file final_5.cif (mmCIF, C-alpha atoms and all ligand atoms)
data_run
#
loop_
_atom_site.label_atom_id
_atom_site.label_comp_id
_atom_site.auth_asym_id
_atom_site.auth_seq_id
_atom_site.Cartn_x
_atom_site.Cartn_y
_atom_site.Cartn_z
CA MET A 13 2.45 17.60 14.54
CA GLU A 14 2.93 17.18 18.24
CA PRO A 15 6.39 16.19 19.46
CA THR A 16 7.11 12.48 19.65
CA PRO A 17 7.05 11.31 23.27
CA ALA A 18 9.90 9.19 24.62
CA ALA A 19 10.40 6.23 22.25
CA ARG A 20 7.59 3.72 22.57
CA ALA A 21 7.52 0.24 21.09
CA LEU A 22 5.76 -0.27 17.77
CA ALA A 23 2.94 -2.27 19.39
CA THR A 24 2.28 0.65 21.74
CA GLU A 25 2.42 3.25 18.99
CA ALA A 26 0.03 1.17 16.90
CA VAL A 27 -2.61 1.47 19.61
CA HIS A 28 -1.90 5.00 20.88
CA ALA A 29 -0.42 7.12 18.09
CA GLY A 30 -2.89 9.66 16.75
CA ARG A 31 -4.99 9.24 19.89
CA ASP A 32 -2.81 10.81 22.55
CA ASP A 33 -5.19 13.73 23.10
CA LEU A 34 -8.42 11.72 23.36
CA ALA A 35 -8.55 11.37 27.15
CA ALA A 36 -8.08 15.13 27.51
CA LEU A 37 -10.94 15.62 25.04
CA GLY A 38 -13.08 13.40 27.25
CA VAL A 39 -13.65 10.76 24.57
CA HIS A 40 -12.36 7.25 24.03
CA ALA A 41 -12.84 6.62 20.30
CA ALA A 42 -11.45 9.09 17.77
CA PRO A 43 -14.03 11.69 16.71
CA LEU A 44 -15.21 11.28 13.12
CA ASP A 45 -15.49 14.69 11.44
CA LEU A 46 -17.51 14.43 8.23
CA SER A 47 -17.63 18.18 7.50
CA THR A 48 -16.94 19.20 3.93
CA THR A 49 -16.62 22.87 4.87
CA TYR A 50 -15.80 24.97 7.93
CA PRO A 51 -17.61 28.24 8.65
CA SER A 52 -15.70 31.49 9.29
CA TYR A 53 -17.01 35.06 9.75
CA ASP A 54 -13.53 36.43 9.04
CA SER A 55 -12.85 36.13 5.31
CA ARG A 56 -9.73 38.33 5.55
CA ALA A 57 -8.22 35.75 7.86
CA GLU A 58 -9.29 32.94 5.50
CA ALA A 59 -7.53 34.72 2.61
CA ALA A 60 -4.33 34.92 4.64
CA ARG A 61 -4.58 31.27 5.64
CA LEU A 62 -5.07 30.17 2.03
CA ASP A 63 -2.22 32.38 0.80
CA ARG A 64 0.09 30.82 3.33
CA PHE A 65 -0.91 27.29 2.27
CA ALA A 66 -0.39 28.15 -1.42
CA ALA A 67 3.03 29.63 -0.71
CA THR A 68 4.37 27.07 1.76
CA GLY A 69 2.09 24.04 1.92
CA GLU A 70 1.72 24.67 5.68
CA LEU A 71 -1.72 23.65 6.86
CA PRO A 72 -3.67 26.53 8.39
CA ASP A 73 -3.99 26.53 12.17
CA GLY A 74 -7.54 25.99 13.31
CA PRO A 75 -10.33 24.51 11.20
CA PRO A 76 -9.36 23.28 7.70
CA VAL A 77 -11.35 25.81 5.55
CA TYR A 78 -12.49 23.02 3.20
CA GLY A 79 -12.41 19.23 3.32
CA ARG A 80 -10.09 18.88 0.34
CA LEU A 81 -7.38 20.75 2.25
CA ASP A 82 -7.35 18.71 5.43
CA ASN A 83 -9.54 16.71 7.80
CA PRO A 84 -8.98 16.16 11.54
CA THR A 85 -9.91 12.45 11.47
CA VAL A 86 -7.65 11.75 8.48
CA ALA A 87 -4.89 13.76 10.20
CA ARG A 88 -4.99 11.32 13.12
CA PHE A 89 -4.34 8.42 10.75
CA GLU A 90 -1.53 10.36 9.06
CA GLN A 91 0.12 11.16 12.36
CA ALA A 92 -0.15 7.54 13.55
CA LEU A 93 1.31 6.11 10.34
CA ALA A 94 4.19 8.61 10.44
CA ARG A 95 5.01 7.40 13.95
CA LEU A 96 4.96 3.77 12.85
CA GLU A 97 7.23 4.47 9.86
CA GLY A 98 9.50 6.78 11.86
CA THR A 99 9.00 9.77 9.54
CA GLU A 100 8.23 13.41 10.35
CA ASP A 101 4.90 13.36 8.60
CA ALA A 102 2.54 11.39 6.33
CA VAL A 103 -0.10 12.42 3.79
CA ALA A 104 -3.12 10.23 3.07
CA PHE A 105 -4.93 9.78 -0.24
CA ALA A 106 -8.02 8.09 -1.67
CA SER A 107 -6.03 5.02 -2.75
CA GLY A 108 -2.50 3.76 -3.16
CA MET A 109 -2.56 4.88 -6.79
CA ALA A 110 -3.69 8.40 -5.82
CA ALA A 111 -0.78 8.50 -3.34
CA LEU A 112 1.73 7.38 -5.97
CA THR A 113 0.31 9.86 -8.49
CA ALA A 114 0.78 12.74 -6.06
CA ALA A 115 4.32 11.64 -5.16
CA VAL A 116 5.24 11.64 -8.87
CA LEU A 117 3.42 14.92 -9.64
CA VAL A 118 5.38 16.76 -6.95
CA ARG A 119 8.51 16.09 -9.00
CA VAL A 120 6.94 16.46 -12.47
CA GLY A 121 5.68 19.85 -11.28
CA ASP A 122 9.31 20.85 -10.72
CA GLY A 123 10.24 19.72 -14.24
CA LEU A 124 11.79 16.46 -13.02
CA ARG A 125 9.98 14.04 -15.30
CA HIS A 126 12.43 11.17 -15.40
CA VAL A 127 11.81 8.21 -13.10
CA VAL A 128 14.14 5.27 -12.48
CA ALA A 129 12.37 2.11 -11.37
CA VAL A 130 13.07 -1.55 -10.64
CA ARG A 131 10.69 -4.30 -11.78
CA PRO A 132 8.55 -5.91 -10.66
CA LEU A 133 6.22 -3.29 -9.26
CA TYR A 134 2.52 -3.57 -8.54
CA GLY A 135 0.88 -3.78 -11.99
CA CYS A 136 -0.89 -0.42 -11.95
CA SER A 137 2.23 1.36 -10.60
CA ASP A 138 4.23 -0.10 -13.48
CA HIS A 139 1.52 0.97 -15.93
CA LEU A 140 1.22 4.49 -14.48
CA LEU A 141 4.93 5.14 -14.98
CA ASP A 142 5.33 3.26 -18.25
CA GLY A 143 2.21 4.68 -19.90
CA GLY A 144 3.42 8.26 -19.47
CA LEU A 145 0.01 9.62 -18.39
CA LEU A 146 1.67 11.92 -15.84
CA GLY A 147 4.33 13.06 -18.31
CA THR A 148 6.97 10.76 -16.89
CA GLU A 149 9.69 8.99 -18.78
CA VAL A 150 10.81 5.81 -17.05
CA THR A 151 14.10 3.92 -17.14
CA TRP A 152 13.68 0.33 -15.94
CA THR A 153 16.83 -1.07 -14.41
CA ASP A 154 18.25 -3.54 -11.95
CA PRO A 155 19.39 -2.22 -8.57
CA ALA A 156 23.00 -2.32 -9.79
CA GLY A 157 22.11 -0.02 -12.70
CA ILE A 158 20.37 2.72 -10.72
CA GLU A 159 23.32 5.03 -10.31
CA GLU A 160 24.09 4.93 -14.02
CA ALA A 161 20.46 5.50 -14.97
CA LEU A 162 20.21 8.79 -13.03
CA ARG A 163 19.98 11.98 -15.10
CA PRO A 164 19.84 15.67 -14.19
CA ASP A 165 16.05 15.54 -14.65
CA THR A 166 15.52 12.37 -12.58
CA GLY A 167 12.81 13.17 -10.03
CA LEU A 168 12.35 9.84 -8.30
CA VAL A 169 13.70 6.34 -7.92
CA LEU A 170 10.93 3.86 -7.29
CA VAL A 171 11.19 0.36 -5.82
CA GLU A 172 9.08 -2.24 -4.03
CA THR A 173 10.46 -4.73 -1.56
CA PRO A 174 9.24 -7.40 -1.11
CA ALA A 175 7.84 -6.73 -4.55
CA ASN A 176 4.36 -7.45 -5.85
CA PRO A 177 3.87 -10.23 -6.97
CA THR A 178 7.17 -12.18 -6.92
CA LEU A 179 8.24 -11.06 -3.42
CA ARG A 180 11.67 -10.16 -4.78
CA GLU A 181 13.69 -8.50 -2.02
CA LEU A 182 16.02 -5.56 -2.52
CA ASP A 183 18.78 -4.07 -0.41
CA LEU A 184 17.20 -0.70 0.40
CA ARG A 185 20.29 0.70 2.09
CA ALA A 186 22.46 0.01 -0.97
CA ILE A 187 19.78 1.42 -3.29
CA ALA A 188 19.37 4.56 -1.20
CA HIS A 189 23.12 5.03 -1.46
CA SER A 190 22.99 4.73 -5.29
CA CYS A 191 20.26 7.38 -5.45
CA GLY A 192 22.47 10.16 -4.13
CA THR A 193 20.26 13.23 -3.73
CA VAL A 194 17.37 11.86 -5.82
CA PRO A 195 14.46 10.88 -3.54
CA LEU A 196 13.97 7.13 -3.19
CA LEU A 197 10.35 6.01 -2.95
CA ALA A 198 9.95 2.55 -1.40
CA ASP A 199 6.55 0.88 -1.60
CA ASN A 200 6.24 -0.78 1.82
CA THR A 201 2.74 -2.19 1.29
CA PHE A 202 3.82 -5.84 1.60
CA ALA A 203 6.19 -5.57 4.57
CA THR A 204 4.34 -2.91 6.60
CA PRO A 205 6.29 -0.97 9.27
CA VAL A 206 5.97 -4.06 11.47
CA LEU A 207 8.60 -5.90 9.39
CA GLN A 208 10.51 -3.08 7.71
CA ARG A 209 10.91 0.68 8.07
CA PRO A 210 12.40 1.87 4.76
CA HIS A 211 13.00 5.41 6.02
CA GLU A 212 15.62 4.02 8.40
CA SER A 213 17.41 2.56 5.36
CA GLY A 214 17.42 5.90 3.54
CA ALA A 215 14.14 5.96 1.59
CA ARG A 216 12.84 9.54 1.58
CA LEU A 217 9.31 8.43 0.70
CA VAL A 218 7.50 5.35 2.03
CA LEU A 219 4.33 4.47 0.13
CA HIS A 220 1.45 2.27 1.23
CA SER A 221 -1.64 1.02 -0.39
CA ALA A 222 -3.50 1.39 2.92
CA THR A 223 -6.20 -0.73 1.28
CA LYS A 224 -4.09 -3.75 2.17
CA TYR A 225 -2.56 -4.42 5.62
CA LEU A 226 -3.10 -1.00 7.21
CA GLY A 227 -6.87 -1.30 6.84
CA GLY A 228 -6.60 -5.05 7.11
CA HIS A 229 -10.25 -5.99 6.68
CA GLY A 230 -10.88 -5.61 2.96
CA ASP A 231 -13.38 -2.78 3.41
CA VAL A 232 -11.40 0.46 2.92
CA LEU A 233 -9.54 1.92 -0.07
CA GLY A 234 -6.74 4.30 0.85
CA GLY A 235 -3.13 5.27 0.27
CA VAL A 236 -0.49 7.14 2.22
CA VAL A 237 3.00 8.54 1.78
CA ALA A 238 5.19 8.76 4.90
CA CYS A 239 7.99 11.30 4.46
CA ASP A 240 9.75 14.40 5.76
CA ALA A 241 7.84 17.62 6.48
CA GLU A 242 9.08 19.37 3.33
CA TYR A 243 7.86 16.67 0.92
CA ALA A 244 4.62 16.38 2.91
CA ARG A 245 3.89 20.08 2.36
CA LYS A 246 4.25 19.59 -1.39
CA LEU A 247 2.10 16.46 -1.32
CA ARG A 248 -0.66 18.40 0.46
CA GLN A 249 -0.53 21.12 -2.20
CA VAL A 250 -0.82 18.49 -4.95
CA ARG A 251 -3.62 16.76 -3.04
CA PHE A 252 -5.51 20.06 -2.75
CA GLU A 253 -5.10 20.72 -6.48
CA THR A 254 -5.91 17.25 -7.74
CA GLY A 255 -8.42 16.15 -5.10
CA GLY A 256 -7.45 12.57 -4.35
CA VAL A 257 -8.40 12.93 -0.68
CA LEU A 258 -9.09 10.10 1.72
CA HIS A 259 -12.67 10.07 2.99
CA PRO A 260 -12.85 10.79 6.76
CA LEU A 261 -14.69 7.51 7.42
CA ALA A 262 -11.86 5.68 5.63
CA GLY A 263 -9.39 7.64 7.78
CA TYR A 264 -11.28 6.50 10.88
CA LEU A 265 -11.24 2.86 9.77
CA LEU A 266 -7.54 3.00 8.84
CA LEU A 267 -6.67 4.43 12.25
CA ARG A 268 -8.61 1.59 13.82
CA GLY A 269 -6.85 -0.90 11.56
CA LEU A 270 -3.42 0.28 12.71
CA ALA A 271 -4.20 -0.76 16.29
CA THR A 272 -4.18 -4.44 15.37
CA LEU A 273 -1.55 -4.24 12.60
CA PRO A 274 1.33 -5.74 14.66
CA VAL A 275 -0.69 -8.73 15.88
CA ARG A 276 -2.29 -9.35 12.49
CA VAL A 277 1.02 -9.25 10.66
CA ALA A 278 2.70 -11.52 13.22
CA ALA A 279 -0.07 -14.14 13.16
CA GLN A 280 -0.61 -14.04 9.39
CA SER A 281 3.14 -14.24 8.76
CA ALA A 282 3.55 -17.31 10.95
CA THR A 283 0.84 -19.09 8.97
CA ALA A 284 2.30 -17.92 5.64
CA ALA A 285 5.75 -19.21 6.58
CA GLU A 286 4.29 -22.63 7.38
CA LEU A 287 2.31 -22.73 4.11
CA ALA A 288 5.45 -21.71 2.20
CA ARG A 289 7.32 -24.59 3.86
CA ARG A 290 4.63 -27.11 2.88
CA LEU A 291 4.34 -25.77 -0.67
CA ALA A 292 8.12 -25.97 -1.12
CA ALA A 293 8.01 -29.67 -0.21
CA ASP A 294 5.09 -30.38 -2.55
CA PRO A 295 5.76 -32.00 -5.96
CA ARG A 296 2.77 -30.15 -7.50
CA VAL A 297 4.61 -26.88 -6.90
CA VAL A 298 7.73 -26.04 -8.90
CA ARG A 299 8.84 -22.90 -7.10
CA VAL A 300 7.92 -21.02 -3.95
CA HIS A 301 8.65 -17.35 -3.34
CA TYR A 302 8.72 -16.36 0.31
CA PRO A 303 10.73 -13.39 1.61
CA ARG A 304 13.63 -13.83 4.04
CA LEU A 305 12.05 -10.88 5.81
CA GLY A 306 8.90 -12.93 6.42
CA GLY A 307 5.42 -11.55 5.81
CA ALA A 308 1.96 -12.82 5.05
CA MET A 309 2.30 -13.10 1.26
CA VAL A 310 3.31 -16.33 -0.47
CA ALA A 311 3.77 -16.72 -4.21
CA PHE A 312 4.21 -20.07 -5.91
CA GLU A 313 4.52 -21.49 -9.39
CA VAL A 314 2.50 -24.62 -10.00
CA ALA A 315 3.38 -27.57 -12.22
CA GLY A 316 -0.22 -27.82 -13.47
CA ASP A 317 -2.71 -25.21 -14.66
CA PRO A 318 -2.83 -22.20 -12.28
CA HIS A 319 -6.37 -21.36 -13.45
CA GLU A 320 -7.56 -24.73 -12.11
CA VAL A 321 -6.15 -23.90 -8.69
CA ILE A 322 -8.04 -20.58 -8.68
CA ALA A 323 -11.20 -22.40 -9.75
CA GLY A 324 -10.70 -24.99 -7.01
CA VAL A 325 -10.35 -23.01 -3.77
CA ARG A 326 -13.32 -22.81 -1.43
CA LEU A 327 -12.14 -21.41 1.90
CA VAL A 328 -9.59 -19.07 0.31
CA THR A 329 -11.31 -16.38 -1.73
CA PRO A 330 -10.22 -16.15 -5.38
CA ALA A 331 -9.85 -12.38 -5.61
CA VAL A 332 -7.27 -9.69 -6.26
CA SER A 333 -6.03 -7.47 -3.41
CA LEU A 334 -4.36 -8.61 -0.22
CA GLY A 335 -3.73 -7.89 3.43
CA SER A 336 -7.15 -8.77 4.76
CA VAL A 337 -7.98 -10.94 7.78
CA ASP A 338 -9.22 -13.58 5.32
CA SER A 339 -7.04 -15.34 2.74
CA LEU A 340 -7.13 -14.37 -0.93
CA ILE A 341 -5.49 -15.92 -3.97
CA GLN A 342 -5.12 -14.60 -7.51
CA HIS A 343 -3.28 -15.21 -10.77
CA PRO A 344 -1.08 -12.11 -11.41
CA GLY A 345 -0.83 -12.84 -15.14
CA SER A 346 -4.62 -12.56 -15.41
CA ILE A 347 -5.43 -9.85 -12.87
CA SER A 348 -3.00 -7.74 -10.80
CA HIS A 349 -0.33 -7.61 -13.51
CA ARG A 350 -2.54 -7.97 -16.59
CA VAL A 351 -2.14 -4.29 -17.41
CA VAL A 352 1.68 -4.63 -17.54
CA GLY A 353 1.50 -6.82 -20.65
CA GLU A 354 3.47 -9.94 -21.43
CA ALA A 355 6.80 -8.19 -22.07
CA GLY A 356 6.62 -6.26 -18.80
CA ARG A 357 5.67 -9.38 -16.86
CA SER A 358 8.52 -11.31 -18.35
CA ALA A 359 10.96 -8.45 -17.58
CA GLY A 360 9.70 -8.54 -13.99
CA GLY A 361 10.14 -12.31 -13.68
CA ILE A 362 6.39 -12.93 -13.40
CA SER A 363 5.72 -16.44 -14.67
CA ASP A 364 2.34 -17.42 -16.13
CA ARG A 365 2.37 -20.29 -13.63
CA LEU A 366 2.63 -17.91 -10.68
CA LEU A 367 -0.11 -17.64 -8.08
CA ARG A 368 -0.06 -14.99 -5.36
CA MET A 369 -1.66 -15.77 -2.04
CA SER A 370 -2.42 -13.35 0.78
CA VAL A 371 -2.58 -15.37 3.96
CA GLY A 372 -5.20 -14.37 6.52
CA LEU A 373 -5.98 -15.29 10.10
CA GLU A 374 -7.59 -18.67 9.42
CA ASP A 375 -6.20 -21.84 10.97
CA VAL A 376 -3.21 -23.15 9.04
CA GLU A 377 -4.61 -26.69 8.76
CA ASP A 378 -7.88 -25.45 7.24
CA LEU A 379 -5.94 -23.34 4.73
CA TRP A 380 -3.66 -26.23 3.84
CA ARG A 381 -6.60 -28.58 3.31
CA ASP A 382 -8.14 -26.06 0.91
CA LEU A 383 -4.89 -25.50 -1.01
CA ASP A 384 -4.15 -29.21 -1.12
CA ALA A 385 -7.58 -29.94 -2.63
CA ALA A 386 -7.30 -27.09 -5.13
CA LEU A 387 -3.83 -28.25 -6.22
CA SER A 388 -5.23 -31.76 -6.76
CA GLY A 389 -8.23 -30.52 -8.71
CA ARG A 390 -10.46 -31.93 -5.95
CA GLY A 391 -11.65 -28.54 -4.77
CA ARG A 392 -13.82 -27.42 -7.68
CA PRO A 393 -17.23 -26.44 -6.33
CA THR A 394 -20.15 -28.48 -7.57
CA GLY A 395 -22.35 -26.23 -9.68
CA SER A 396 -21.04 -22.96 -11.00
CA ALA A 397 -21.69 -20.58 -8.13
CA ARG A 398 -18.43 -18.73 -8.63
CA GLU A 399 -18.85 -18.20 -12.34
CA THR A 400 -22.33 -16.71 -12.02
CA PRO A 401 -22.61 -15.03 -8.61
CA GLU A 402 -26.02 -14.01 -7.40
CA ARG A 403 -26.68 -10.33 -7.86
CA ALA A 404 -26.05 -9.29 -4.29
CA TYR A 405 -26.74 -5.56 -4.52
CA GLY A 406 -27.29 -2.75 -6.91
CA PRO A 407 -30.58 -1.65 -8.37
CA ALA A 408 -32.85 -4.36 -9.72
CA ALA A 409 -33.77 -4.17 -13.38
CA PRO A 410 -36.88 -2.03 -13.85
C1 LIG B 501 -2.53 -2.49 -4.27
C2 LIG B 501 -1.17 -1.90 -4.37
C3 LIG B 501 -1.00 -0.57 -4.79
C4 LIG B 501 -2.15 0.29 -5.25
O1 LIG B 501 -3.01 0.60 -4.18
P1 LIG B 501 -4.59 0.89 -4.36
O2 LIG B 501 -4.98 1.19 -2.96
O3 LIG B 501 -5.21 -0.32 -4.94
O4 LIG B 501 -4.70 2.07 -5.27
C5 LIG B 501 0.29 -0.07 -4.81
N1 LIG B 501 1.34 -0.82 -4.46
C6 LIG B 501 1.21 -2.10 -4.07
C7 LIG B 501 2.42 -2.88 -3.69
C8 LIG B 501 -0.05 -2.68 -4.01
O5 LIG B 501 -0.17 -3.97 -3.64
#
call {"tool": "encode", "arguments": {"input": "final_5.cif", "output": "structure tokens", "more": "lines below"}}
Ligand SMILES: *Cc1c(COP(=O)(O)O)cnc(C)c1O
result
Amino acid sequence: MEPTPAARALATEAVHAGRDDLAALGVHAAPLDLSTTYPSYDSRAEAARLDRFAATGELPDGPPVYGRLDNPTVARFEQALARLEGTEDAVAFASGMAALTAAVLVRVGDGLRHVVAVRPLYGCSDHLLDGGLLGTEVTWTDPAGIEEALRPDTGLVLVETPANPTLRELDLRAIAHSCGTVPLLADNTFATPVLQRPHESGARLVLHSATKYLGGHGDVLGGVVACDAEYARKLRQVRFETGGVLHPLAGYLLLRGLATLPVRVAAQSATAAELARRLAADPRVVRVHYPRLGGAMVAFEVAGDPHEVIAGVRLVTPAVSLGSVDSLIQHPGSISHRVVGEAGRSAGGISDRLLRMSVGLEDVEDLWRDLDAALSGRGRPTGSARETPERAYGPAAP
């Protein structure tokens, strides 16, 4: 990685990080390198480069050898995200779940199979740890119980703040202190580095589902772990072995997404805060969850049937996922946290009446009109377009 220039503001880094060499290259947009392999007439040198990577996790100088090892376009995104999170390095993956898997496998590979985690977490993260697929054993605890839950074989402590889907906020500094020498992984997907930089509070690993705010347009799946150089080397070795690489085109789109991240998060958060205020004053809503930190996610528990609200929106898209320029709403009990099961949801404080909304860049009055109609049961589309969507793509029946 090149040395960090004199401290620049986040908005400046968002636009320039990972692109500092472009003018010298004589280009304006980042080059997109789609190569899967890189020719070399010197196979002795390739052997030495691969040996060094296997021993140390250091990326070879020069071309990457093979696309599963490294990619120059993806590396630009990694470098930019590391700058935004204030870490030495970052390693990108095919999705947030691939990133979390690699972060866990680094420790499981060292025999450290025990994970301490605080609920709620994103549903699939909860399931990945709890299900034991990666050989982990998890202790669920409250922040106050972390220190006591640590064991000699504890490899990671895992938290989300604000958490998906209840937006529960945690004191990262206090938690990092309780972790001692055990790495703390903080999922920063909801806050983004615009609102919170967990590394500054002592988190060794900062995870993102880049699918959400970093990409920001609902058209890229990706994940990334921002961390120190030592952990990054291990993550790259795991990524090479297990293959959860980010596609270069996705890396290109994520780098482009970062440029507008600060303005998107600021605008979307202002609208979300206003919607949270109106929902809190509304008798059809029994509880609103909105972080003190701010952000563009709002969760609320309705007095009536949450499924009717989902069925009633028209401008807001009823779909899982979040962080896009357009607003989405979903019912965690049915979708994002279905896989956790009823007991896990209840342990995480996820009510069956809870709806989770990702607020986009639309005008606040238009969004409110849509929510207001859906809450009143006036928003249900005539006909059943949503229940039986047209087949938009995919091969026609023969
Ligand atoms: C979506 C999400 C993930 C998983 O990311 P994918 O890109 O869908 O694999 C992890 N953590 C949080 C908080 C998420 O919202």
call {"tool": "residues_near_ligand", "arguments": {"input": "final_5.cif", "ligand": "ligand LIG 501 (chain B)", "cutoff": "6 Å", "atoms": "all atoms listed in the file", "output": "ChimeraX atom specification"}}
result
/A:107-109,134,176,199,201,221,223,233-235
call {"tool": "residues_around", "arguments": {"input": "final_5.cif", "residues": "stretch 238-246 of chain A", "least_positions_apart": "5", "cutoff": "6 Å", "atoms": "all atoms listed in the file", "output": "list of chain:residue names"}}
result
A:Gly69, A:Ala94, A:Thr99, A:Glu100, A:Asp101, A:Ala102, A:Arg216, A:Leu217, A:Val218
call {"tool": "write_last_selection", "arguments": {"input": "final_5.cif", "atoms": "C-alpha atoms", "output": "CSV table (one decimal), in the coordinates of the input"}}
result
chain,number,residue,atom,x,y,z
A,69,GLY,CA,2.1,24.0,1.9
A,94,ALA,CA,4.2,8.6,10.4
A,99,THR,CA,9.0,9.8,9.5
A,100,GLU,CA,8.2,13.4,10.4
A,101,ASP,CA,4.9,13.4,8.6
A,102,ALA,CA,2.5,11.4,6.3
A,216,ARG,CA,12.8,9.5,1.6
A,217,LEU,CA,9.3,8.4,0.7
A,218,VAL,CA,7.5,5.4,2.0
call {"tool": "closest_residue", "arguments": {"input": "final_5.cif", "among": "A:Ile187, A:Leu124, A:Leu261, A:Ala19", "to": "A:Arg95", "atoms": "only C-alpha atoms"}}
result
A:Ala19
call {"tool": "atom_distance", "arguments": {"input": "final_5.cif", "atom1": "atom CA of A:Glu313", "atom2": "atom CA of A:Arg299"}}
result
5.1 Å
call {"tool": "residues_near_point", "arguments": {"input": "final_5.cif", "point": "(-1.5, 1.7, -12.3)", "cutoff": "12 Å", "atoms": "only C-alpha atoms", "output": "VMD selection string"}}
result
chain A and resid 107 to 113 133 to 146 221 348 to 352
call {"tool": "closest_residue", "arguments": {"input": "final_5.cif", "among": "A:Asp82, A:Asp384, A:Glu320, A:Glu377", "to": "A:Asp294", "atoms": "all atoms listed in the file"}}
result
A:Asp384
call {"tool": "closest_residue", "arguments": {"input": "final_5.cif", "among": "A:Arg276, A:Arg80, A:Arg326, A:His40", "to": "A:Arg248", "atoms": "all atoms listed in the file"}}
result
A:Arg80
call {"tool": "closest_residue", "arguments": {"input": "final_5.cif", "among": "A:Leu327, A:Leu367, A:Ala282, A:Val297", "to": "A:Ala311", "atoms": "all atoms listed in the file"}}
result
A:Leu367
call {"tool": "atom_distance", "arguments": {"input": "final_5.cif", "atom1": "atom CA of A:Gln208", "atom2": "atom CA of A:Glu25"}}
result
15.3 Å
call {"tool": "residues_around", "arguments": {"input": "final_5.cif", "residues": "A:Thr178", "least_positions_apart": "4", "cutoff": "12 Å", "atoms": "all atoms listed in the file", "output": "ChimeraX atom specification"}}
result
/A:131-135,172-174,182,202,299-303,309-313,343-345,348-349,357-369
call {"tool": "decode", "arguments": {"input": "final_5.cif", "residues": "stretch 167-179 of chain A", "atoms": "N, CA, C and O atoms", "output": "PDB file, in the first residue's frame"}}
result
ATOM      1  N   GLY A 167     -11.520 -17.149  19.559  1.00  0.00           N
ATOM      2  CA  GLY A 167     -10.815 -16.573  18.413  1.00  0.00           C
ATOM      3  C   GLY A 167     -11.298 -15.195  18.041  1.00  0.00           C
ATOM      4  O   GLY A 167     -10.551 -14.391  17.480  1.00  0.00           O
ATOM      5  N   LEU A 168     -12.561 -14.912  18.330  1.00  0.00           N
ATOM      6  CA  LEU A 168     -13.158 -13.649  17.889  1.00  0.00           C
ATOM      7  C   LEU A 168     -14.277 -13.240  18.831  1.00  0.00           C
ATOM      8  O   LEU A 168     -14.965 -14.094  19.396  1.00  0.00           O
ATOM      9  N   VAL A 169     -14.473 -11.932  18.942  1.00  0.00           N
ATOM     10  CA  VAL A 169     -15.694 -11.384  19.533  1.00  0.00           C
ATOM     11  C   VAL A 169     -16.385 -10.627  18.411  1.00  0.00           C
ATOM     12  O   VAL A 169     -15.747  -9.863  17.683  1.00  0.00           O
ATOM     13  N   LEU A 170     -17.674 -10.884  18.249  1.00  0.00           N
ATOM     14  CA  LEU A 170     -18.380 -10.333  17.098  1.00  0.00           C
ATOM     15  C   LEU A 170     -19.594  -9.507  17.523  1.00  0.00           C
ATOM     16  O   LEU A 170     -20.437  -9.991  18.275  1.00  0.00           O
ATOM     17  N   VAL A 171     -19.643  -8.263  17.050  1.00  0.00           N
ATOM     18  CA  VAL A 171     -20.780  -7.393  17.368  1.00  0.00           C
ATOM     19  C   VAL A 171     -21.193  -6.572  16.140  1.00  0.00           C
ATOM     20  O   VAL A 171     -20.406  -6.405  15.207  1.00  0.00           O
ATOM     21  N   GLU A 172     -22.417  -6.084  16.189  1.00  0.00           N
ATOM     22  CA  GLU A 172     -22.918  -5.142  15.183  1.00  0.00           C
ATOM     23  C   GLU A 172     -23.471  -3.931  15.908  1.00  0.00           C
ATOM     24  O   GLU A 172     -24.240  -4.081  16.859  1.00  0.00           O
ATOM     25  N   THR A 173     -23.131  -2.754  15.448  1.00  0.00           N
ATOM     26  CA  THR A 173     -23.728  -1.556  16.021  1.00  0.00           C
ATOM     27  C   THR A 173     -23.720  -0.420  15.007  1.00  0.00           C
ATOM     28  O   THR A 173     -22.665  -0.154  14.439  1.00  0.00           O
ATOM     29  N   PRO A 174     -24.862   0.219  14.747  1.00  0.00           N
ATOM     30  CA  PRO A 174     -26.215  -0.207  15.116  1.00  0.00           C
ATOM     31  C   PRO A 174     -26.512  -1.574  14.485  1.00  0.00           C
ATOM     32  O   PRO A 174     -26.123  -1.829  13.355  1.00  0.00           O
ATOM     33  N   ALA A 175     -27.219  -2.405  15.259  1.00  0.00           N
ATOM     34  CA  ALA A 175     -27.397  -3.791  14.847  1.00  0.00           C
ATOM     35  C   ALA A 175     -28.589  -3.968  13.915  1.00  0.00           C
ATOM     36  O   ALA A 175     -29.574  -3.241  13.987  1.00  0.00           O
ATOM     37  N   ASN A 176     -28.456  -4.967  13.075  1.00  0.00           N
ATOM     38  CA  ASN A 176     -29.500  -5.369  12.140  1.00  0.00           C
ATOM     39  C   ASN A 176     -30.393  -6.397  12.847  1.00  0.00           C
ATOM     40  O   ASN A 176     -29.875  -7.418  13.276  1.00  0.00           O
ATOM     41  N   PRO A 177     -31.690  -6.205  13.010  1.00  0.00           N
ATOM     42  CA  PRO A 177     -32.513  -5.144  12.450  1.00  0.00           C
ATOM     43  C   PRO A 177     -33.008  -4.129  13.479  1.00  0.00           C
ATOM     44  O   PRO A 177     -33.737  -3.225  13.112  1.00  0.00           O
ATOM     45  N   THR A 178     -32.646  -4.272  14.759  1.00  0.00           N
ATOM     46  CA  THR A 178     -33.284  -3.438  15.791  1.00  0.00           C
ATOM     47  C   THR A 178     -32.575  -2.102  15.991  1.00  0.00           C
ATOM     48  O   THR A 178     -33.046  -1.260  16.748  1.00  0.00           O
ATOM     49  N   LEU A 179     -31.401  -1.949  15.362  1.00  0.00           N
ATOM     50  CA  LEU A 179     -30.609  -0.719  15.470  1.00  0.00           C
ATOM     51  C   LEU A 179     -30.098  -0.487  16.888  1.00  0.00           C
ATOM     52  O   LEU A 179     -29.787   0.641  17.267  1.00  0.00           O
TER      53      LEU A 179
END
